[in-house]
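Source file entry-v7.tsv; content: TSV, C-alpha atoms.
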chain	number	residue	atom	x	y	z
A	201	MET	CA	0.00	0.00	0.00
A	202	PRO	CA	1.28	3.47	-0.73
A	203	SER	CA	2.50	5.57	2.19
A	204	SER	CA	-0.26	8.09	1.45
A	205	PRO	CA	-3.75	7.60	2.92
A	206	LEU	CA	-6.02	5.03	1.35
A	207	ARG	CA	-7.98	6.62	-1.55
A	208	VAL	CA	-11.51	5.25	-1.55
A	209	ALA	CA	-14.50	5.59	-3.88
A	210	VAL	CA	-18.02	4.33	-3.21
A	211	VAL	CA	-20.39	3.86	-6.15
A	212	CYS	CA	-24.12	3.16	-6.26
A	213	MET	CA	-26.50	3.78	-9.14
A	214	SER	CA	-27.55	7.40	-8.48
A	215	ASN	CA	-25.15	8.78	-5.81
A	216	ILE	CA	-28.09	9.50	-3.52
A	217	ASN	CA	-28.48	6.94	-0.73
A	218	ARG	CA	-25.99	4.09	-0.33
A	219	SER	CA	-22.82	5.71	-1.67
A	220	MET	CA	-23.56	8.94	0.19
A	221	GLU	CA	-24.19	7.16	3.51
A	222	ALA	CA	-20.80	5.44	3.16
A	223	HIS	CA	-19.19	8.71	2.00
A	224	SER	CA	-20.48	10.48	5.11
A	225	LEU	CA	-19.22	7.79	7.51
A	226	LEU	CA	-15.82	7.35	5.85
A	227	GLU	CA	-15.26	11.10	5.78
A	228	ARG	CA	-16.07	11.33	9.51
A	229	LYS	CA	-13.53	8.55	10.11
A	230	GLY	CA	-10.84	10.52	8.27
A	231	PHE	CA	-10.63	8.59	5.00
A	232	SER	CA	-9.95	10.23	1.64
A	233	VAL	CA	-13.26	9.37	-0.03
A	234	ARG	CA	-15.38	10.30	-3.02
A	235	SER	CA	-18.76	8.94	-4.03
A	236	PHE	CA	-20.43	8.45	-7.38
A	237	GLY	CA	-23.37	7.06	-9.30
A	238	ALA	CA	-22.92	4.72	-12.26
A	239	GLY	CA	-26.33	5.22	-13.87
A	240	SER	CA	-27.08	7.47	-16.82
A	241	ARG	CA	-29.48	9.62	-14.76
A	242	VAL	CA	-30.34	10.14	-11.09
A	243	ARG	CA	-33.49	8.24	-10.18
A	244	LEU	CA	-35.36	8.79	-6.92
A	245	PRO	CA	-38.46	7.00	-5.64
A	246	GLY	CA	-41.51	8.82	-6.91
A	247	ARG	CA	-45.06	9.08	-5.66
A	248	ARG	CA	-45.69	5.75	-7.38
A	249	PRO	CA	-43.20	2.89	-7.94
A	250	ASP	CA	-43.61	3.15	-11.72
A	251	LEU	CA	-42.99	6.94	-11.75
A	252	PRO	CA	-39.55	7.76	-10.33
A	253	ALA	CA	-38.33	11.33	-10.06
A	254	VAL	CA	-35.51	11.58	-12.63
A	255	TYR	CA	-32.76	14.21	-12.76
A	256	ASP	CA	-29.56	14.85	-14.66
A	257	PHE	CA	-26.30	14.42	-12.70
A	258	ALA	CA	-25.71	18.18	-13.09
A	259	THR	CA	-28.73	18.89	-10.86
A	260	THR	CA	-27.72	19.89	-7.33
A	261	TYR	CA	-29.07	18.13	-4.27
A	262	ARG	CA	-30.67	21.48	-3.25
A	263	GLN	CA	-32.47	21.77	-6.61
A	264	MET	CA	-33.80	18.20	-6.27
A	265	HIS	CA	-34.87	18.88	-2.68
A	266	ASP	CA	-36.70	22.09	-3.60
A	267	ASP	CA	-38.36	20.50	-6.65
A	268	LEU	CA	-39.64	17.48	-4.72
A	269	ARG	CA	-40.76	19.60	-1.77
A	270	ARG	CA	-42.73	21.77	-4.17
A	271	LYS	CA	-44.28	18.74	-5.94
A	272	ASP	CA	-45.33	16.76	-2.83
A	273	ARG	CA	-43.74	17.76	0.46
A	274	GLU	CA	-45.68	15.19	2.51
A	275	CYS	CA	-44.79	12.23	0.27
A	276	TYR	CA	-41.07	13.04	0.04
A	277	THR	CA	-40.82	13.83	3.75
A	278	GLN	CA	-42.55	10.58	4.66
A	279	ASN	CA	-40.36	8.40	2.40
A	280	GLY	CA	-37.20	10.11	3.74
A	281	ILE	CA	-35.97	11.52	0.42
A	282	LEU	CA	-35.96	15.15	1.59
A	283	HIS	CA	-33.88	14.16	4.64
A	284	ILE	CA	-31.41	12.19	2.48
A	285	LEU	CA	-31.03	15.10	0.04
A	286	GLY	CA	-30.41	17.47	2.95
A	287	ARG	CA	-27.66	15.19	4.28
A	288	ASN	CA	-26.11	14.91	0.83
A	289	GLU	CA	-26.05	18.68	0.37
A	290	ARG	CA	-23.95	18.99	3.55
A	291	ILE	CA	-21.34	16.64	1.99
A	292	LYS	CA	-21.10	17.95	-1.58
A	293	PRO	CA	-23.18	20.09	-3.97
A	294	ARG	CA	-24.44	17.49	-6.44
A	295	PRO	CA	-24.24	13.82	-7.44
A	296	GLU	CA	-21.30	12.78	-9.61
A	297	ARG	CA	-21.15	10.16	-12.33
A	298	PHE	CA	-18.33	7.63	-11.97
A	299	GLN	CA	-17.74	7.38	-15.72
A	300	GLN	CA	-16.79	11.08	-15.81
A	301	CYS	CA	-14.17	10.87	-13.04
A	302	THR	CA	-10.49	10.91	-14.02
A	303	GLU	CA	-9.12	10.52	-10.48
A	304	SER	CA	-7.54	7.22	-9.44
A	305	PHE	CA	-8.33	5.24	-6.27
A	306	ASP	CA	-6.80	2.38	-4.30
A	307	VAL	CA	-10.16	0.71	-3.74
A	308	ILE	CA	-13.64	1.20	-5.19
A	309	PHE	CA	-16.64	-0.20	-3.33
A	310	THR	CA	-19.88	-0.78	-5.22
A	311	CYS	CA	-23.28	-1.25	-3.63
A	312	GLU	CA	-24.85	-3.82	-5.95
A	313	GLU	CA	-23.79	-6.30	-8.60
A	314	ARG	CA	-25.00	-4.33	-11.64
A	315	VAL	CA	-23.04	-1.27	-10.45
A	316	TYR	CA	-19.97	-3.48	-9.91
A	317	ASP	CA	-20.33	-4.74	-13.49
A	318	ARG	CA	-20.56	-1.16	-14.85
A	319	VAL	CA	-17.51	0.00	-12.88
A	320	VAL	CA	-15.38	-2.98	-13.94
A	321	GLU	CA	-16.50	-2.61	-17.57
A	322	HIS	CA	-15.69	1.12	-17.55
A	323	LEU	CA	-12.25	0.61	-16.01
A	324	SER	CA	-11.46	-2.25	-18.39
A	325	SER	CA	-12.46	-0.27	-21.49
A	326	ARG	CA	-10.40	2.84	-20.63
A	327	LYS	CA	-7.01	3.39	-22.14
A	328	GLN	CA	-4.39	2.16	-19.67
A	329	GLY	CA	-2.07	4.91	-18.50
A	330	THR	CA	-0.20	4.34	-15.24
A	331	PHE	CA	-1.08	0.65	-14.83
A	332	GLN	CA	-1.76	1.42	-11.18
A	333	PRO	CA	-3.97	-1.31	-9.68
A	334	VAL	CA	-7.38	-0.57	-8.16
A	335	HIS	CA	-9.37	-3.13	-6.19
A	336	VAL	CA	-13.08	-3.13	-7.06
A	337	ILE	CA	-15.24	-4.78	-4.40
A	338	ASN	CA	-19.00	-5.26	-4.39
A	339	VAL	CA	-20.62	-4.96	-0.97
A	340	GLY	CA	-24.24	-5.70	-1.88
A	341	MET	CA	-26.72	-3.76	0.23
A	342	ALA	CA	-30.40	-2.94	0.16
A	343	ASP	CA	-31.27	0.48	-1.26
A	344	ASP	CA	-33.11	1.71	1.83
A	345	PRO	CA	-31.92	3.71	4.86
A	346	GLU	CA	-31.19	0.65	7.02
A	347	GLY	CA	-29.37	-1.21	4.24
A	348	ALA	CA	-27.31	1.89	3.45
A	349	THR	CA	-26.31	2.30	7.11
A	350	LEU	CA	-25.33	-1.36	7.52
A	351	GLY	CA	-23.41	-1.29	4.23
A	352	ALA	CA	-21.59	1.92	5.22
A	353	PHE	CA	-20.42	0.34	8.49
A	354	LEU	CA	-19.19	-2.75	6.63
A	355	ILE	CA	-17.29	-0.65	4.07
A	356	CYS	CA	-15.79	1.44	6.87
A	357	GLU	CA	-14.66	-1.69	8.74
A	358	LEU	CA	-13.03	-3.05	5.57
A	359	CYS	CA	-11.24	0.28	5.02
A	360	GLN	CA	-10.01	0.36	8.62
A	361	ARG	CA	-8.67	-3.20	8.39
A	362	LEU	CA	-6.98	-2.48	5.08
A	363	GLN	CA	-5.42	0.69	6.46
A	364	GLU	CA	-4.17	-1.26	9.51
A	365	ALA	CA	-2.80	-4.06	7.32
A	366	GLY	CA	-0.83	-1.48	5.33
A	367	ASP	CA	-0.64	-3.78	2.31
A	368	MET	CA	-3.10	-4.08	-0.58
A	369	ASP	CA	-1.80	-7.62	-1.17
A	370	LYS	CA	-3.68	-8.65	1.99
A	371	MET	CA	-7.02	-7.76	0.40
A	372	ALA	CA	-8.06	-11.36	-0.38
A	373	GLY	CA	-7.45	-12.46	3.22
A	374	LEU	CA	-9.34	-9.48	4.62
A	375	LEU	CA	-12.30	-10.18	2.36
A	376	ARG	CA	-12.28	-13.87	3.38
A	377	GLN	CA	-12.39	-12.85	7.05
A	378	ALA	CA	-15.23	-10.42	6.37
A	379	GLU	CA	-17.18	-13.09	4.48
A	380	GLU	CA	-16.80	-15.51	7.41
A	381	LYS	CA	-17.90	-12.83	9.88
A	382	THR	CA	-20.89	-11.52	7.91
A	383	GLY	CA	-22.01	-14.52	5.86
A	384	LYS	CA	-21.93	-12.26	2.77
A	385	THR	CA	-20.02	-12.90	-0.44
A	386	PHE	CA	-18.02	-10.05	-1.97
A	387	SER	CA	-17.25	-9.85	-5.68
A	388	HIS	CA	-13.68	-8.64	-6.10
A	389	THR	CA	-11.45	-7.89	-9.05
A	390	VAL	CA	-8.34	-5.87	-9.72
A	391	CYS	CA	-8.39	-3.39	-12.60
A	392	PHE	CA	-5.70	-0.95	-13.74
A	393	TYR	CA	-5.53	2.76	-14.52
Turn the structure described in the file into C-alpha cells.
Amino acid sequence: MPSSPLRVAVVCMSNINRSMEAHSLLERKGFSVRSFGAGSRVRLPGRRPDLPAVYDFATTYRQMHDDLRRKDRECYTQNGILHILGRNERIKPRPERFQQCTESFDVIFTCEERVYDRVVEHLSSRKQGTFQPVHVINVGMADDPEGATLGAFLICELCQRLQEAGDMDKMAGLLRQAEEKTGKTFSHTVCFY
C-alpha cells in the first residue's frame, strides 16, 4: 500500500443513498473518499413505484430537494428523500457520475452487482495509463436507509482493516475474514488505470 492515505470511492446507481451514507461515515472517520453514481441519470423514488423522479447528474441536491418539496412535500418527507437530500447537500453540492471521473483510487466499493459490473466494464475499457492497480469490491446492500447504514459500516470496517494491514496484497485475506464474519459474499477484481 502506498504511504499516502487510502484513496476510496463508493459507487451506487444514483449517488443519492448508499454511496452517500458510506461517503459520510468514511469522511467522519478521516478517509480520503469520493462517491459516485454509475447510472445514466439520477433516479429517486416517486409518488408511485412506476414513476420515479428523474434528474440529470448536473442537478444539485438542493435543486432536487426544492423541486420534490414543491411537488409533494408530505410524500417526500414521509419516504425520507428530503432528509437524504439534505444530508447529501452537507457533503457535496451534487451527485457525480463515476464514468466522468479521471481521479484514481486504491479501492472502489460498489453497492450492488450491476453497479460493480458497470464499474469494472468502464475501467477495463479505458485506455491504460499508469497501470496502477485498483481493487473493485462489491458490498451488496439494500437500497433503503437501514441497508445503506449497515453497508456503510461494513465498508468502513473493511477500510479500517486495510489501512491497519498497510498492504493491498492482503485484500483477499481481509475479504475472506469479512465473508466468514458476515455470511456475505463479496465480488472482487483488480483493474488498472
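From CA of Phe257 in chain A back to CA of Leu225 in chain A, the distance works out to 22.4 Å.
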Please tabulate, as a tab-separated table, the residues of range 309-370 of chain A that come within 12 Å of range 272-285 of chain A, each with its closest pair of atoms and the distance in Å to one decimal, counting only C-alpha atoms and ordering rows by chain, then residue number upward.
residue	atom	partner	partner_atom	distance
A:Asp344	CA	A:Gly280	CA	9.5
A:Pro345	CA	A:Gly280	CA	8.4
A:Glu346	CA	A:Gly280	CA	11.7
A:Ala348	CA	A:Ile284	CA	11.1
Problem - 10 Å contact set for Ala378 in chain A, all atoms listed in the file, chain neighbours under 6 positions out, as an MDAnalysis selection string - result: chainID A and resid 354 357:358 361 372 384:386
Exercise for the section: Scan for residues within 10 Å of the point (-12.4, -9.2, 1.6) in the coordinates of the file, using only C-alpha atoms, and reply as a ChimeraX atom specification. Expected result: /A:337-339,358,361-362,370-380,385-388
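The gap separating CA of Arg248 in chain A from CA of Glu296 in chain A is 25.5 Å, in Å to one decimal.
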Problem - Protein and nucleic acid residues near (-10.9, 4.9, -1.3) (cut-off 12 Å, all atoms listed in the file) as a PyMOL selection string - result: chain A and resi 204-211+219+222-223+226-227+230-236+303-310+334-337+355-356+358-360+362-363+368
Handout entry: Spatial neighbours of Phe392 in chain A, 8 Å, only C-alpha atoms, chain gap at least 5 places, as a ChimeraX atom specification
Key = /A:323-324,328,330-334
Fill in the blank from the handout: Between A:Pro295, A:Gly347, A:Gly286, A:Gly383, smallest distance to Tyr255 in chain A by all atoms listed in the file belongs to A:Pro295
